[in-house]
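Shown below: protein.cif, with mmCIF, C-alpha atoms.
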```cif
data_model
#
loop_
_atom_site.group_PDB
_atom_site.id
_atom_site.type_symbol
_atom_site.label_atom_id
_atom_site.label_comp_id
_atom_site.auth_asym_id
_atom_site.auth_seq_id
_atom_site.Cartn_x
_atom_site.Cartn_y
_atom_site.Cartn_z
ATOM 1 C CA MET A 1 18.685 -9.676 -4.674
ATOM 2 C CA PRO A 2 17.652 -9.147 -1.029
ATOM 3 C CA PRO A 3 20.266 -8.422 1.659
ATOM 4 C CA SER A 4 22.431 -11.415 2.573
ATOM 5 C CA PHE A 5 21.929 -11.363 6.354
ATOM 6 C CA VAL A 6 18.405 -11.281 7.760
ATOM 7 C CA HIS A 7 17.340 -11.234 11.407
ATOM 8 C CA ARG A 8 13.869 -11.613 12.874
ATOM 9 C CA ILE A 9 13.598 -9.175 15.762
ATOM 10 C CA THR A 10 10.866 -9.894 18.305
ATOM 11 C CA LYS A 11 10.014 -9.719 21.983
ATOM 12 C CA TYR A 12 9.184 -13.440 21.895
ATOM 13 C CA ASP A 13 11.679 -15.770 23.572
ATOM 14 C CA PRO A 14 12.596 -18.624 21.175
ATOM 15 C CA ALA A 15 12.489 -20.950 24.188
ATOM 16 C CA ASP A 16 8.712 -20.412 24.284
ATOM 17 C CA ARG A 17 8.072 -21.826 20.805
ATOM 18 C CA ASP A 18 6.638 -25.246 20.053
ATOM 19 C CA GLU A 19 8.009 -27.767 17.568
ATOM 20 C CA HIS A 20 6.286 -25.853 14.726
ATOM 21 C CA GLY A 21 7.853 -22.551 15.722
ATOM 22 C CA HIS A 22 4.599 -21.107 17.099
ATOM 23 C CA TYR A 23 4.953 -18.881 20.134
ATOM 24 C CA THR A 24 3.301 -20.301 23.265
ATOM 25 C CA GLY A 25 4.425 -17.758 25.853
ATOM 26 C CA ALA A 26 2.566 -14.962 27.594
ATOM 27 C CA GLU A 27 3.752 -11.917 25.626
ATOM 28 C CA ASP A 28 0.938 -9.764 24.205
ATOM 29 C CA THR A 29 0.798 -9.475 20.412
ATOM 30 C CA ALA A 30 -0.054 -5.748 20.590
ATOM 31 C CA SER A 31 2.385 -2.887 21.005
ATOM 32 C CA ASP A 32 2.831 -1.535 24.523
ATOM 33 C CA HIS A 33 3.299 1.991 23.060
ATOM 34 C CA GLY A 34 6.116 2.250 25.610
ATOM 35 C CA PRO A 35 9.479 0.721 26.518
ATOM 36 C CA VAL A 36 9.151 -2.456 24.429
ATOM 37 C CA GLU A 37 8.153 -0.445 21.362
ATOM 38 C CA ALA A 38 11.096 1.894 22.015
ATOM 39 C CA ALA A 39 13.392 -1.136 22.224
ATOM 40 C CA TYR A 40 12.239 -2.276 18.775
ATOM 41 C CA LEU A 41 13.053 1.115 17.281
ATOM 42 C CA ALA A 42 16.426 1.253 19.019
ATOM 43 C CA ALA A 43 17.301 -2.216 17.706
ATOM 44 C CA ILE A 44 16.393 -1.270 14.138
ATOM 45 C CA ALA A 45 18.440 1.923 14.479
ATOM 46 C CA ALA A 46 21.408 -0.137 15.670
ATOM 47 C CA PHE A 47 21.236 -2.322 12.564
ATOM 48 C CA ALA A 48 20.950 0.772 10.350
ATOM 49 C CA VAL A 49 23.964 2.425 11.965
ATOM 50 C CA ALA A 50 25.977 -0.803 11.680
ATOM 51 C CA SER A 51 25.094 -0.842 7.973
ATOM 52 C CA ASP A 52 25.949 2.863 7.449
ATOM 53 C CA ILE A 53 22.320 3.611 6.523
ATOM 54 C CA ASP A 54 20.779 6.999 7.259
ATOM 55 C CA ARG A 55 18.093 7.134 4.552
ATOM 56 C CA LEU A 56 15.634 4.494 3.358
ATOM 57 C CA GLU A 57 13.263 4.142 0.431
ATOM 58 C CA ILE A 58 9.543 3.570 0.897
ATOM 59 C CA ARG A 59 8.318 0.629 -1.171
ATOM 60 C CA GLU A 60 4.743 -0.587 -1.820
ATOM 61 C CA PRO A 61 3.140 1.890 0.624
ATOM 62 C CA ALA A 62 -0.404 1.138 1.723
ATOM 63 C CA VAL A 63 -3.109 2.582 3.948
ATOM 64 C CA THR A 64 -6.134 1.001 5.569
ATOM 65 C CA GLY A 65 -8.590 -0.467 3.078
ATOM 66 C CA PHE A 66 -12.259 -1.272 3.533
ATOM 67 C CA VAL A 67 -11.188 -4.288 5.612
ATOM 68 C CA HIS A 68 -8.721 -3.764 8.466
ATOM 69 C CA PHE A 69 -6.906 -6.812 9.811
ATOM 70 C CA GLY A 70 -4.760 -5.139 12.459
ATOM 71 C CA VAL A 71 -4.775 -6.063 16.138
ATOM 72 C CA GLU A 72 -5.476 -2.449 17.093
ATOM 73 C CA PRO A 73 -8.180 -0.255 15.515
ATOM 74 C CA PRO A 74 -7.082 2.045 12.678
ATOM 75 C CA VAL A 75 -6.640 5.727 13.476
ATOM 76 C CA GLU A 76 -7.366 8.849 11.492
ATOM 77 C CA GLY A 77 -4.503 9.539 9.115
ATOM 78 C CA HIS A 78 -3.343 5.895 9.181
ATOM 79 C CA GLY A 79 -0.676 6.760 11.759
ATOM 80 C CA LEU A 80 1.046 9.136 9.344
ATOM 81 C CA GLY A 81 0.009 12.396 11.004
ATOM 82 C CA GLY A 82 3.008 14.606 11.653
ATOM 83 C CA LEU A 83 5.125 12.673 9.166
ATOM 84 C CA PHE A 84 3.337 13.690 5.968
ATOM 85 C CA PRO A 85 0.701 16.287 5.021
ATOM 86 C CA PRO A 86 -2.996 15.279 5.233
ATOM 87 C CA ASP A 87 -3.013 14.474 1.490
ATOM 88 C CA LEU A 88 -0.008 12.148 2.131
ATOM 89 C CA THR A 89 2.258 13.974 -0.308
ATOM 90 C CA GLY A 90 5.685 12.398 0.048
ATOM 91 C CA TYR A 91 4.325 9.019 1.099
ATOM 92 C CA HIS A 92 4.625 7.117 -2.141
ATOM 93 C CA ASP A 93 6.558 4.274 -3.695
ATOM 94 C CA GLY A 94 10.164 5.292 -4.182
ATOM 95 C CA ALA A 95 10.112 8.206 -1.735
ATOM 96 C CA GLU A 96 13.289 8.572 0.320
ATOM 97 C CA VAL A 97 13.004 9.315 4.041
ATOM 98 C CA SER A 98 15.510 9.891 6.813
ATOM 99 C CA LEU A 99 16.177 7.177 9.376
ATOM 100 C CA PRO A 100 14.165 9.027 12.081
ATOM 101 C CA VAL A 101 11.122 9.200 9.765
ATOM 102 C CA ALA A 102 11.597 5.549 8.820
ATOM 103 C CA LEU A 103 11.574 4.628 12.509
ATOM 104 C CA GLU A 104 8.323 6.544 12.989
ATOM 105 C CA LEU A 105 6.849 4.595 10.079
ATOM 106 C CA VAL A 106 7.890 1.410 11.861
ATOM 107 C CA ARG A 107 6.194 2.697 15.012
ATOM 108 C CA ALA A 108 2.929 3.217 13.098
ATOM 109 C CA MET A 109 3.193 -0.302 11.672
ATOM 110 C CA LEU A 110 3.952 -1.846 15.075
ATOM 111 C CA ARG A 111 0.792 -0.169 16.342
ATOM 112 C CA ASP A 112 -1.311 -1.397 13.383
ATOM 113 C CA GLN A 113 -2.488 2.174 12.805
ATOM 114 C CA GLY A 114 -3.246 1.629 9.128
ATOM 115 C CA ALA A 115 -0.098 2.477 7.189
ATOM 116 C CA TRP A 116 2.225 -0.254 5.929
ATOM 117 C CA CYS A 117 5.236 -0.260 3.656
ATOM 118 C CA ARG A 118 8.574 -1.898 3.060
ATOM 119 C CA LEU A 119 11.624 0.182 3.937
ATOM 120 C CA GLU A 120 14.629 -0.666 1.795
ATOM 121 C CA VAL A 121 17.958 0.477 0.429
ATOM 122 C CA GLY A 122 18.331 -1.592 -2.722
ATOM 123 C CA ASP A 123 19.935 -4.942 -1.931
ATOM 124 C CA VAL A 124 21.896 -3.442 0.972
ATOM 125 C CA PHE A 125 19.340 -2.975 3.770
ATOM 126 C CA SER A 126 15.678 -3.623 4.495
ATOM 127 C CA VAL A 127 13.107 -3.377 7.280
ATOM 128 C CA HIS A 128 9.825 -5.294 7.034
ATOM 129 C CA VAL A 129 7.141 -5.287 9.712
ATOM 130 C CA GLY A 130 4.915 -8.351 9.897
ATOM 131 C CA TRP A 131 1.967 -9.412 12.018
ATOM 132 C CA ASP A 132 2.048 -9.591 15.821
ATOM 133 C CA GLN A 133 5.183 -7.508 16.443
ATOM 134 C CA TYR A 134 7.548 -9.391 14.123
ATOM 135 C CA VAL A 135 10.211 -7.233 12.466
ATOM 136 C CA TYR A 136 12.647 -8.467 9.814
ATOM 137 C CA VAL A 137 15.869 -6.529 9.287
ATOM 138 C CA GLY A 138 18.148 -7.369 6.382
ATOM 139 C CA SER A 139 21.680 -6.101 5.786
ATOM 140 C CA ASP A 140 24.628 -6.850 3.559
ATOM 141 C CA ARG A 141 26.698 -6.988 6.759
ATOM 142 C CA LEU A 142 26.683 -9.399 9.709
ATOM 143 C CA CYS A 143 25.913 -6.575 12.189
ATOM 144 C CA ALA A 144 27.191 -8.532 15.196
ATOM 145 C CA ASP A 145 27.222 -5.405 17.367
ATOM 146 C CA ALA A 146 23.590 -4.685 16.449
ATOM 147 C CA VAL A 147 22.612 -8.252 17.325
ATOM 148 C CA ALA A 148 24.294 -7.822 20.724
ATOM 149 C CA ARG A 149 22.578 -4.460 21.218
ATOM 150 C CA THR A 150 19.207 -6.056 20.438
ATOM 151 C CA ARG A 151 19.786 -8.588 23.202
ATOM 152 C CA GLU A 152 20.765 -5.809 25.610
ATOM 153 C CA LEU A 153 17.423 -4.161 24.824
ATOM 154 C CA GLY A 154 15.582 -7.305 25.915
ATOM 155 C CA LEU A 155 14.630 -8.433 22.420
ATOM 156 C CA PHE A 156 15.622 -11.457 20.379
ATOM 157 C CA ALA A 157 17.448 -11.310 17.026
ATOM 158 C CA GLU A 158 17.134 -14.653 15.264
ATOM 159 C CA PRO A 159 18.995 -15.254 11.964
ATOM 160 C CA LEU A 160 16.871 -16.274 8.961
ATOM 161 C CA THR A 161 17.656 -17.077 5.364
ATOM 162 C CA ALA A 162 15.208 -14.434 4.095
ATOM 163 C CA SER A 163 12.414 -12.102 5.149
ATOM 164 C CA PRO A 164 8.964 -13.599 4.509
ATOM 165 C CA TYR A 165 7.875 -10.102 3.493
ATOM 166 C CA ALA A 166 10.481 -9.638 0.770
ATOM 167 C CA ALA A 167 8.871 -8.490 -2.472
ATOM 168 C CA GLU A 168 8.351 -11.083 -5.170
ATOM 169 C CA VAL A 169 9.624 -8.982 -8.055
ATOM 170 C CA ASP A 170 8.868 -11.657 -10.654
ATOM 171 C CA GLU A 171 5.213 -11.770 -9.571
ATOM 172 C CA ALA A 172 4.310 -8.165 -10.407
ATOM 173 C CA GLU A 173 0.849 -8.121 -11.984
ATOM 174 C CA VAL A 174 1.377 -4.891 -13.925
ATOM 175 C CA THR A 175 4.444 -4.744 -16.141
ATOM 176 C CA GLU A 176 3.317 -2.165 -18.695
ATOM 177 C CA PRO A 177 4.691 1.364 -18.225
ATOM 178 C CA ALA A 178 2.443 4.355 -18.713
ATOM 179 C CA ASP A 179 4.800 5.707 -21.372
ATOM 180 C CA GLU A 180 4.113 7.762 -24.479
ATOM 181 C CA ASP A 181 2.711 4.742 -26.310
ATOM 182 C CA PHE A 182 0.212 4.269 -23.467
ATOM 183 C CA TRP A 183 -0.884 7.910 -23.585
ATOM 184 C CA THR A 184 -1.218 7.734 -27.362
ATOM 185 C CA ARG A 185 -3.674 4.856 -26.893
ATOM 186 C CA VAL A 186 -5.534 6.888 -24.277
ATOM 187 C CA ARG A 187 -5.828 9.814 -26.704
ATOM 188 C CA THR A 188 -7.037 7.528 -29.476
ATOM 189 C CA THR A 189 -9.668 6.000 -27.218
ATOM 190 C CA LEU A 190 -10.761 9.427 -26.024
ATOM 191 C CA ALA A 191 -11.153 10.627 -29.605
ATOM 192 C CA ALA A 192 -13.706 7.871 -30.148
ATOM 193 C CA ARG A 193 -15.483 7.891 -26.755
ATOM 194 C CA LYS A 194 -15.100 11.581 -25.730
ATOM 195 C CA THR A 195 -14.986 10.754 -21.990
ATOM 196 C CA LEU A 196 -13.316 7.993 -19.958
ATOM 197 C CA LEU A 197 -12.928 7.154 -16.285
ATOM 198 C CA LEU A 198 -9.377 7.008 -14.923
ATOM 199 C CA GLU A 199 -8.630 5.298 -11.624
ATOM 200 C CA GLU A 200 -5.347 6.593 -10.182
ATOM 201 C CA SER A 201 -4.130 4.272 -7.424
ATOM 202 C CA TYR A 202 -1.462 6.381 -5.772
ATOM 203 C CA LEU A 203 -1.170 4.025 -2.765
ATOM 204 C CA ARG A 204 -2.420 0.539 -2.099
ATOM 205 C CA ASN A 205 -6.044 0.900 -0.934
ATOM 206 C CA ALA A 206 -6.178 4.567 -1.991
ATOM 207 C CA ALA A 207 -7.292 5.961 -5.338
ATOM 208 C CA ARG A 208 -8.304 9.192 -6.996
ATOM 209 C CA TRP A 209 -10.819 9.203 -9.853
ATOM 210 C CA HIS A 210 -10.799 11.412 -12.932
ATOM 211 C CA ARG A 211 -13.247 11.805 -15.816
ATOM 212 C CA LEU A 212 -10.912 12.250 -18.755
ATOM 213 C CA THR A 213 -11.723 14.324 -21.801
ATOM 214 C CA PRO A 214 -9.528 15.367 -24.732
ATOM 215 C CA GLU A 215 -9.470 18.849 -23.197
ATOM 216 C CA ASN A 216 -8.352 17.941 -19.641
ATOM 217 C CA LEU A 217 -6.077 14.973 -20.367
ATOM 218 C CA ASP A 218 -2.800 16.893 -20.153
ATOM 219 C CA THR A 219 -3.824 18.641 -16.927
ATOM 220 C CA VAL A 220 -4.841 15.382 -15.248
ATOM 221 C CA ARG A 221 -1.676 13.675 -16.446
ATOM 222 C CA ALA A 222 0.507 16.415 -14.966
ATOM 223 C CA GLY A 223 -1.059 15.956 -11.526
ATOM 224 C CA LEU A 224 -0.730 12.170 -11.211
ATOM 225 C CA GLY A 225 1.166 10.772 -8.227
ATOM 226 C CA PRO A 226 4.632 9.192 -8.629
ATOM 227 C CA ARG A 227 4.581 5.544 -9.721
ATOM 228 C CA ALA A 228 0.765 5.500 -9.632
ATOM 229 C CA LEU A 229 -1.162 2.586 -11.084
ATOM 230 C CA LEU A 230 -3.443 3.874 -13.842
ATOM 231 C CA THR A 231 -6.564 1.917 -14.757
ATOM 232 C CA LEU A 232 -8.820 3.099 -17.554
ATOM 233 C CA TRP A 233 -12.541 2.302 -17.489
ATOM 234 C CA PRO A 234 -15.528 3.233 -19.675
ATOM 235 C CA ASP A 235 -17.169 6.481 -18.634
ATOM 236 C CA LEU A 236 -19.713 6.718 -15.824
ATOM 237 C CA ASN A 237 -23.330 6.094 -16.800
ATOM 238 C CA PRO A 238 -25.658 9.121 -16.408
ATOM 239 C CA ASP A 239 -28.653 6.766 -15.959
ATOM 240 C CA LEU A 240 -28.344 6.335 -12.192
ATOM 241 C CA GLY A 241 -31.470 4.217 -11.965
ATOM 242 C CA ALA A 242 -30.110 1.704 -14.437
ATOM 243 C CA VAL A 243 -26.808 1.467 -12.567
ATOM 244 C CA LEU A 244 -28.565 0.833 -9.245
ATOM 245 C CA ALA A 245 -30.881 -1.723 -10.834
ATOM 246 C CA ALA A 246 -27.903 -3.640 -12.200
ATOM 247 C CA LEU A 247 -26.324 -4.205 -8.776
ATOM 248 C CA PRO A 248 -25.754 -7.942 -8.177
ATOM 249 C CA GLU A 249 -28.177 -9.765 -5.893
ATOM 250 C CA GLU A 250 -25.405 -10.730 -3.490
ATOM 251 C CA GLY A 251 -21.748 -10.080 -2.823
ATOM 252 C CA SER A 252 -19.668 -6.906 -2.657
ATOM 253 C CA VAL A 253 -18.888 -4.426 -5.431
ATOM 254 C CA GLU A 254 -17.183 -1.083 -5.868
ATOM 255 C CA PHE A 255 -19.689 1.681 -6.561
ATOM 256 C CA VAL A 256 -18.304 4.854 -8.178
ATOM 257 C CA TRP A 257 -20.337 8.031 -8.585
ATOM 258 C CA GLU A 258 -19.931 11.698 -9.455
ATOM 259 C CA THR A 259 -21.818 14.481 -7.704
ATOM 260 C CA HIS A 260 -23.176 17.489 -9.543
ATOM 261 C CA GLY A 261 -20.267 19.412 -8.064
ATOM 262 C CA GLY A 262 -17.872 17.205 -10.014
ATOM 263 C CA MET A 263 -16.480 15.213 -7.076
ATOM 264 C CA ILE A 264 -15.998 11.495 -7.773
ATOM 265 C CA SER A 265 -16.285 9.091 -4.845
ATOM 266 C CA CYS A 266 -16.318 5.352 -4.434
ATOM 267 C CA ALA A 267 -17.524 2.909 -1.807
ATOM 268 C CA ILE A 268 -17.365 -0.834 -1.272
ATOM 269 C CA VAL A 269 -20.908 -2.048 -0.673
ATOM 270 C CA ASP A 270 -22.707 -5.373 -0.409
ATOM 271 C CA ASP A 271 -26.343 -6.374 -0.902
ATOM 272 C CA THR A 272 -27.244 -5.381 2.670
ATOM 273 C CA GLU A 273 -26.262 -1.764 1.995
ATOM 274 C CA TYR A 274 -28.019 -1.075 -1.308
ATOM 275 C CA GLN A 275 -30.900 0.867 0.228
ATOM 276 C CA ASP A 276 -28.592 3.207 2.129
ATOM 277 C CA LEU A 277 -26.429 3.560 -0.979
ATOM 278 C CA ALA A 278 -29.408 4.600 -3.098
ATOM 279 C CA THR A 279 -30.173 7.362 -0.598
ATOM 280 C CA GLN A 280 -26.565 8.479 -0.435
ATOM 281 C CA VAL A 281 -26.181 8.827 -4.214
ATOM 282 C CA ALA A 282 -29.705 10.051 -5.013
ATOM 283 C CA ASP A 283 -28.418 13.310 -6.500
ATOM 284 C CA ALA A 284 -25.442 11.803 -8.355
ATOM 285 C CA ARG A 285 -24.767 12.976 -11.882
ATOM 286 C CA ALA A 286 -23.478 9.582 -13.073
ATOM 287 C CA ALA A 287 -22.223 6.277 -11.657
ATOM 288 C CA CYS A 288 -20.878 2.812 -12.403
ATOM 289 C CA VAL A 289 -20.342 -0.523 -10.689
ATOM 290 C CA LEU A 290 -16.981 -2.297 -10.767
ATOM 291 C CA PRO A 291 -16.411 -5.881 -9.592
ATOM 292 C CA LEU A 292 -13.925 -6.524 -6.790
ATOM 293 C CA SER A 293 -12.675 -9.894 -8.009
ATOM 294 C CA LEU A 294 -9.524 -9.612 -10.118
ATOM 295 C CA ASP A 295 -10.889 -12.338 -12.380
ATOM 296 C CA GLU A 296 -13.920 -10.165 -13.148
ATOM 297 C CA ARG A 297 -12.202 -6.784 -13.471
ATOM 298 C CA HIS A 298 -11.499 -6.099 -17.129
ATOM 299 C CA PRO A 299 -10.306 -2.498 -17.602
ATOM 300 C CA MET A 300 -9.689 -1.007 -21.010
ATOM 301 C CA LEU A 301 -6.053 -0.202 -20.185
ATOM 302 C CA CYS A 302 -3.809 -0.648 -17.150
ATOM 303 C CA ALA A 303 -0.252 0.624 -16.654
ATOM 304 C CA ALA A 304 2.019 2.080 -13.973
ATOM 305 C CA LEU A 305 3.857 5.378 -14.160
ATOM 306 C CA PRO A 306 7.598 4.997 -14.801
ATOM 307 C CA ASP A 307 10.205 7.219 -13.193
ATOM 308 C CA SER A 308 11.517 10.313 -14.962
ATOM 309 C CA ASP A 309 14.220 8.208 -16.637
ATOM 310 C CA GLY A 310 11.542 6.033 -18.239
ATOM 311 C CA VAL A 311 12.211 2.960 -16.085
ATOM 312 C CA LEU A 312 9.241 1.228 -14.471
ATOM 313 C CA ARG A 313 10.225 0.519 -10.849
ATOM 314 C CA ALA A 314 6.796 0.397 -9.202
ATOM 315 C CA ARG A 315 5.731 -3.105 -8.161
ATOM 316 C CA TRP A 316 1.962 -3.487 -8.556
#
```
Could I get this structure in the form of structure tokens?
Amino acid sequence: MPPSFVHRITKYDPADRDEHGHYTGAEDTASDHGPVEAAYLAAIAAFAVASDIDRLEIREPAVTGFVHFGVEPPVEGHGLGGLFPPDLTGYHDGAEVSLPVALELVRAMLRDQGAWCRLEVGDVFSVHVGWDQYVYVGSDRLCADAVARTRELGLFAEPLTASPYAAEVDEAEVTEPADEDFWTRVRTTLAARKTLLLEESYLRNAARWHRLTPENLDTVRAGLGPRALLTLWPDLNPDLGAVLAALPEEGSVEFVWETHGGMISCAIVDDTEYQDLATQVADARAACVLPLSLDERHPMLCAALPDSDGVLRARW
């Protein structure tokens, strides 16, 4: 269950909304990177202190995908530089961060720098950042002092019944855990096919690719990210010409290829980019094309890594 008391925190005066609730005032929808942004962070901190929260859990973390919808352009590192290493170790579903780090994550989200996540403490506390400088703070307490502090900061704290960004737990698309039964099926499939392609989605919009063999399976498995989504595909095709020739006449696809050095890369391309793609992958060792539409994607296996206690908590 989500927290009982939810407030929408914004810089938008409710008096400047029309009958549909749409804001009609003059406030900019982008962050000022200054005093207003600082007021947002101070307000969130006030709610956290009023709720006795000093650590929060990262849920459903994401980075910029091939399409960026933010008001401001994405930045290198997705706004996470200085908070996490370049490989984003520690930024994963279920990771616990201190309140100061959580506030910096909110800052990156307010600036539309590329990273996005929910920040939660079970059913006790939550912070969700929406579009156009809307922040939703949930608590199991009324937090009257925090509401007053938000007003002192020049922002507006409006009570809501629920955050529109609360996770729909019952709508998770992947409910199978990557448990021992899953890995047994992987081993059985490998015994017949010798090599498979594993897509490891360790964040939303970020994946690592592995060519699995019976010999390297245990090593790859040991290095997988916490709560990663694992999708198993048939192996890459060494006939690069045939793969390029099979590209659809129109639309976008995901093109995956391996260099002779063993690095596996992927790119989202459409029919206007095929010529440049062919040049880019001319020396590839093998490749494949995967559809983007969920209705057309039919992997061999798909499961999410459970926690060390065997419970699947990731929401994919």
Please tabulate, as a Markdown table, the residues of segment 149-209 of chain A that come within 9 Å of segment 287-303 of chain A, each with its closest pair of atoms and the distance in Å to one decimal, counting only C-alpha atoms and ordering rows by chain, then residue number upward.
```
| residue | atom | partner | partner_atom | distance |
| --- | --- | --- | --- | --- |
| A:Val174 | CA | A:Ala303 | CA | 6.4 |
| A:Thr175 | CA | A:Ala303 | CA | 7.2 |
| A:Glu176 | CA | A:Ala303 | CA | 5.0 |
| A:Pro177 | CA | A:Ala303 | CA | 5.2 |
| A:Ala178 | CA | A:Ala303 | CA | 5.0 |
| A:Asp179 | CA | A:Ala303 | CA | 8.6 |
| A:Phe182 | CA | A:Ala303 | CA | 7.7 |
| A:Arg185 | CA | A:Leu301 | CA | 8.7 |
| A:Val186 | CA | A:Leu301 | CA | 8.2 |
```
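Computed from the coordinates, the atom CA of Asn216 of chain A to atom CA of Glu258 of chain A distance equals 16.6 Å.
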(request) Give me the result of the PyMOL selection byres ((chain A and resi 266) around 6) on this file, residue by residue, as a ChimeraX atom specification. (result) /A:255-256,265,267
With C-alpha atoms retained, could you export that selection as a compact mmCIF listing (two decimals), in the coordinates of the input?
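Dumped to part.txt:
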```txt
# COMPACT_ATOMS: atom_id res chain seq x y z
CA PHE A 255 -19.69 1.68 -6.56
CA VAL A 256 -18.30 4.85 -8.18
CA SER A 265 -16.28 9.09 -4.84
CA ALA A 267 -17.52 2.91 -1.81
```
(message) Measuring between all atoms listed in the file, which one of A:Asp283, A:Glu152, A:Glu273, A:Asp54 shows the shortest distance to Ser252 of chain A?
(response)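 Checking each candidate against Ser252 of chain A, we get A:Glu273 as the closest.
Interatomic distance, atom CA of Gly223 of chain A against atom CA of Tyr91 of chain A: 15.4 Å.
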Determine, for each residue of segment 110-170 of chain A having at least one atom at most 12 Å from an atom of segment 194-204 of chain A, the closest pair of atoms and their separation in Å to one decimal, counting only C-alpha atoms; order by chain and ascending number, as JSON lines.
```
{"residue": "A:Gly114", "atom": "CA", "partner": "A:Arg204", "partner_atom": "CA", "distance": 11.3}
{"residue": "A:Ala115", "atom": "CA", "partner": "A:Arg204", "partner_atom": "CA", "distance": 9.8}
{"residue": "A:Trp116", "atom": "CA", "partner": "A:Arg204", "partner_atom": "CA", "distance": 9.3}
{"residue": "A:Cys117", "atom": "CA", "partner": "A:Arg204", "partner_atom": "CA", "distance": 9.6}
```
Could you write out the selected residues, including C-alpha atoms, as an mmCIF file, keeping the file's coordinate frame?
```cif
data_model
loop_
_atom_site.group_PDB
_atom_site.id
_atom_site.type_symbol
_atom_site.label_atom_id
_atom_site.label_comp_id
_atom_site.auth_asym_id
_atom_site.auth_seq_id
_atom_site.Cartn_x
_atom_site.Cartn_y
_atom_site.Cartn_z
ATOM 1 C CA GLY A 114 -3.246 1.629 9.128
ATOM 2 C CA ALA A 115 -0.098 2.477 7.189
ATOM 3 C CA TRP A 116 2.225 -0.254 5.929
ATOM 4 C CA CYS A 117 5.236 -0.260 3.656
#
```
Tell me which residues the PyMOL selection byres ((chain A and resi 205) around 7) grabs here, as a PDB file with C-alpha atoms, in the coordinates of the input.
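Printed below is out37.pdb as written:
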```pdb
ATOM      1  CA  ALA A  62      -0.404   1.138   1.723  1.00  0.00           C
ATOM      2  CA  VAL A  63      -3.109   2.582   3.948  1.00  0.00           C
ATOM      3  CA  THR A  64      -6.134   1.001   5.569  1.00  0.00           C
ATOM      4  CA  GLY A  65      -8.590  -0.467   3.078  1.00  0.00           C
ATOM      5  CA  LEU A 203      -1.170   4.025  -2.765  1.00  0.00           C
ATOM      6  CA  ARG A 204      -2.420   0.539  -2.099  1.00  0.00           C
ATOM      7  CA  ALA A 206      -6.178   4.567  -1.991  1.00  0.00           C
ATOM      8  CA  ALA A 207      -7.292   5.961  -5.338  1.00  0.00           C
TER       9      ALA A 207
END
```
(message) For a quick check of understanding, using all atoms listed in the file, which of A:Gly261, A:Pro35, A:Gly79, A:Gly138 has the smallest distance to Asp123 of chain A?
(response)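 Result for the nearest residue to Asp123 of chain A: A:Gly138.
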(request) Select, from A:Val106, A:Leu119, A:Val129, A:Ala50, the residue with the minimum atom-to-atom distance to Ala144 of chain A, counting only C-alpha atoms. (result)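 Answer, going by the shortest atom-to-atom distance: A:Ala50.
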(request) Expand the PyMOL selection byres ((chain A and resi 9-25) around 10) into the individual residues it matches in the shown file, reporting them as a ChimeraX atom specification. (result) /A:6-8,26-29,36-37,39-40,43-44,129,132-137,147,150-151,153-159
Emit segment 112-120 of chain A of the structure in the block as a file comprising N, CA, C and O atoms, as a PDB file, in the first residue's frame.
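Saved as result-v4.pdb:
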```pdb
ATOM      1  N   ASP A 112      15.725  17.325 -15.586  1.00  0.00           N
ATOM      2  CA  ASP A 112      15.550  16.475 -16.769  1.00  0.00           C
ATOM      3  C   ASP A 112      16.891  16.057 -17.366  1.00  0.00           C
ATOM      4  O   ASP A 112      17.072  16.046 -18.581  1.00  0.00           O
ATOM      5  N   GLN A 113      17.846  15.681 -16.508  1.00  0.00           N
ATOM      6  CA  GLN A 113      19.187  15.382 -17.014  1.00  0.00           C
ATOM      7  C   GLN A 113      19.331  13.955 -17.522  1.00  0.00           C
ATOM      8  O   GLN A 113      20.388  13.589 -18.015  1.00  0.00           O
ATOM      9  N   GLY A 114      18.296  13.153 -17.400  1.00  0.00           N
ATOM     10  CA  GLY A 114      18.343  11.812 -17.980  1.00  0.00           C
ATOM     11  C   GLY A 114      17.985  10.709 -17.016  1.00  0.00           C
ATOM     12  O   GLY A 114      17.377   9.715 -17.396  1.00  0.00           O
ATOM     13  N   ALA A 115      18.398  10.840 -15.763  1.00  0.00           N
ATOM     14  CA  ALA A 115      18.079   9.807 -14.771  1.00  0.00           C
ATOM     15  C   ALA A 115      16.671  10.019 -14.232  1.00  0.00           C
ATOM     16  O   ALA A 115      16.193  11.154 -14.117  1.00  0.00           O
ATOM     17  N   TRP A 116      16.003   8.914 -13.911  1.00  0.00           N
ATOM     18  CA  TRP A 116      14.698   8.973 -13.250  1.00  0.00           C
ATOM     19  C   TRP A 116      14.526   7.726 -12.396  1.00  0.00           C
ATOM     20  O   TRP A 116      14.971   6.641 -12.778  1.00  0.00           O
ATOM     21  N   CYS A 117      13.913   7.904 -11.257  1.00  0.00           N
ATOM     22  CA  CYS A 117      13.606   6.758 -10.399  1.00  0.00           C
ATOM     23  C   CYS A 117      12.538   7.169  -9.402  1.00  0.00           C
ATOM     24  O   CYS A 117      12.261   8.364  -9.217  1.00  0.00           O
ATOM     25  N   ARG A 118      11.932   6.185  -8.770  1.00  0.00           N
ATOM     26  CA  ARG A 118      11.104   6.438  -7.603  1.00  0.00           C
ATOM     27  C   ARG A 118      11.998   6.311  -6.374  1.00  0.00           C
ATOM     28  O   ARG A 118      12.910   5.482  -6.342  1.00  0.00           O
ATOM     29  N   LEU A 119      11.722   7.123  -5.373  1.00  0.00           N
ATOM     30  CA  LEU A 119      12.438   7.044  -4.103  1.00  0.00           C
ATOM     31  C   LEU A 119      11.414   6.702  -3.035  1.00  0.00           C
ATOM     32  O   LEU A 119      10.453   7.454  -2.828  1.00  0.00           O
ATOM     33  N   GLU A 120      11.602   5.574  -2.364  1.00  0.00           N
ATOM     34  CA  GLU A 120      10.561   5.078  -1.468  1.00  0.00           C
ATOM     35  C   GLU A 120      11.145   4.432  -0.220  1.00  0.00           C
ATOM     36  O   GLU A 120      12.302   3.989  -0.210  1.00  0.00           O
TER      37      GLU A 120
END
```
